[in-house]
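Report on one structure; see the data block that follows.
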Amino acid sequence: MRILYVEDNQELRETIAMLMEGDGRSITTCETGEAALQLDTLQPFDVLVTDVSLPGISGAELARNVLAQDPERWVVLCSGYEFGSATAAMGKNVRALVKPFELEDLEALLAEIEAALKMPDPAA
């Protein structure tokens with residue numbers, strides 16, 4: 001599973017990226033939404049994990065761009081604020097983690113996404 005992790009705080013980016021590593025996971029990091037769009041255009045990632053508050057385009061805007069290309073893409077939005085029903089409105093594979101989140105919550109979410117990616121698409 002290829003994960004693109006976008007976080008402008010370098011220390012947090014390095015720490016969370018290291019914690020997301022695991023068998024079958026490849027983590028690529030960047031600090032801006034613009035850089036993330038460039039990387040994703042080259043070869044789309046399976047999962048976008050992004051902070052919402054980024055310099056330049058926000059994580060929410062980044063997610064909308066990525067979802068416009070592929071509405072089935074998995075996106076995890078991280079923020080210090082509750083999202084309410086906003087994530088569901090963005091797409092069925094959009095999830096939210098409220099910061100500060102527990103590492104177990106992040107791991108459970110990644111495991112859920114990993115399992116979903118391995119399941120055959122019933123629409124195919």
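Identifiers in this document derive from the order of the structure tokens: chains are assigned A, B, ..., residues are numbered from 1 separately in each chain, and ligands are numbered from 1 in order of occurrence.
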
Give me the residues of segment 59-84 of chain A that have any atom at most 10 Å from an atom of segment 34-43 of chain A; for each, the nearest atom pair and the distance in Å, rounded to one decimal. Use only C-alpha atoms, sort by chain and number, and format it as a tab-separated table.
```
residue	atom	partner	partner_atom	distance
A:Gly59	CA	A:Ala36	CA	9.8
A:Leu62	CA	A:Leu37	CA	7.2
A:Ala63	CA	A:Leu37	CA	9.5
A:Asn65	CA	A:Leu37	CA	8.0
A:Val66	CA	A:Leu37	CA	7.6
A:Gln69	CA	A:Thr41	CA	9.5
```

Mind dumping the selected residues with C-alpha atoms as a PDB file, in the first residue's frame?
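Done, and the output landed in again16.pdb:
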```pdb
ATOM      1  CA  GLY A  59      -5.310  19.571   3.141  1.00  0.00           C
ATOM      2  CA  LEU A  62      -5.695  18.791  -1.654  1.00  0.00           C
ATOM      3  CA  ALA A  63      -8.179  16.025  -0.855  1.00  0.00           C
ATOM      4  CA  ASN A  65      -8.201  17.683  -6.002  1.00  0.00           C
ATOM      5  CA  VAL A  66      -7.192  14.061  -5.474  1.00  0.00           C
ATOM      6  CA  GLN A  69      -9.174  12.537 -10.205  1.00  0.00           C
TER       7      GLN A  69
END
```

Next on the checklist: I need the residues of chain A that end up classed as alpha helix (DSSP H) by DSSP on the backbone, written out as a VMD selection string.
Outcome noted: chain A and resid 10 to 20 33 to 42 59 to 69 86 to 90 103 to 118

Could you make a table, as JSON lines, of the residues of segment 32-100 of chain A that have an atom within 8 Å of an atom of segment 5-21 of chain A, each with its nearest atom pair and distance in Å to one decimal, counting only C-alpha atoms, in chain and number order?
```
{"residue": "A:Thr32", "atom": "CA", "partner": "A:Asp8", "partner_atom": "CA", "distance": 6.3}
{"residue": "A:Gly33", "atom": "CA", "partner": "A:Val6", "partner_atom": "CA", "distance": 7.0}
{"residue": "A:Ala36", "atom": "CA", "partner": "A:Val6", "partner_atom": "CA", "distance": 6.9}
{"residue": "A:Leu48", "atom": "CA", "partner": "A:Tyr5", "partner_atom": "CA", "distance": 6.2}
{"residue": "A:Val49", "atom": "CA", "partner": "A:Tyr5", "partner_atom": "CA", "distance": 4.8}
{"residue": "A:Thr50", "atom": "CA", "partner": "A:Val6", "partner_atom": "CA", "distance": 4.6}
{"residue": "A:Asp51", "atom": "CA", "partner": "A:Glu7", "partner_atom": "CA", "distance": 5.4}
{"residue": "A:Leu54", "atom": "CA", "partner": "A:Asp8", "partner_atom": "CA", "distance": 6.2}
{"residue": "A:Pro55", "atom": "CA", "partner": "A:Asp8", "partner_atom": "CA", "distance": 7.5}
{"residue": "A:Gly59", "atom": "CA", "partner": "A:Val6", "partner_atom": "CA", "distance": 8.0}
```

Checklist entry - If you run DSSP on the backbone, which residues of chain A are strand (DSSP E), as a PyMOL selection string? => result chain A and resi 2-6+26-30+47-51+74-79+94-98

Checklist entry - To one decimal place, how far is atom CA of Ile3 of chain A from atom CA of Val47 of chain A in Å? => result 4.8 Å

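The residue set within 8 Å of segment 97-104 of chain A, counting only C-alpha atoms and dropping same-chain residues fewer than 4 places from it, reads A:Leu19, A:Val76, A:Leu77, A:Cys78, A:Ser79, A:Gly80, A:Tyr81, A:Glu82, A:Ala108.
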
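In this structure, atom CA of Arg2 of chain A sits 15.5 Å away from atom CA of Asn93 of chain A.
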
Item to check | Contacts of Lys92 of chain A within 10 Å, only C-alpha atoms, excl. fewer than 6 positions in-chain, as a ChimeraX atom specification | outcome: /A:71-75

Checklist entry - Interatomic distance between atom CA of Gly56 of chain A and atom CA of Ile113 of chain A? => result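 Those two atoms sit 27.8 Å apart.
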
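Closest to Gly24 of chain A among A:Ala116, A:Met90, A:Ala111, A:Ile57 is A:Ala111, based on only C-alpha atoms.
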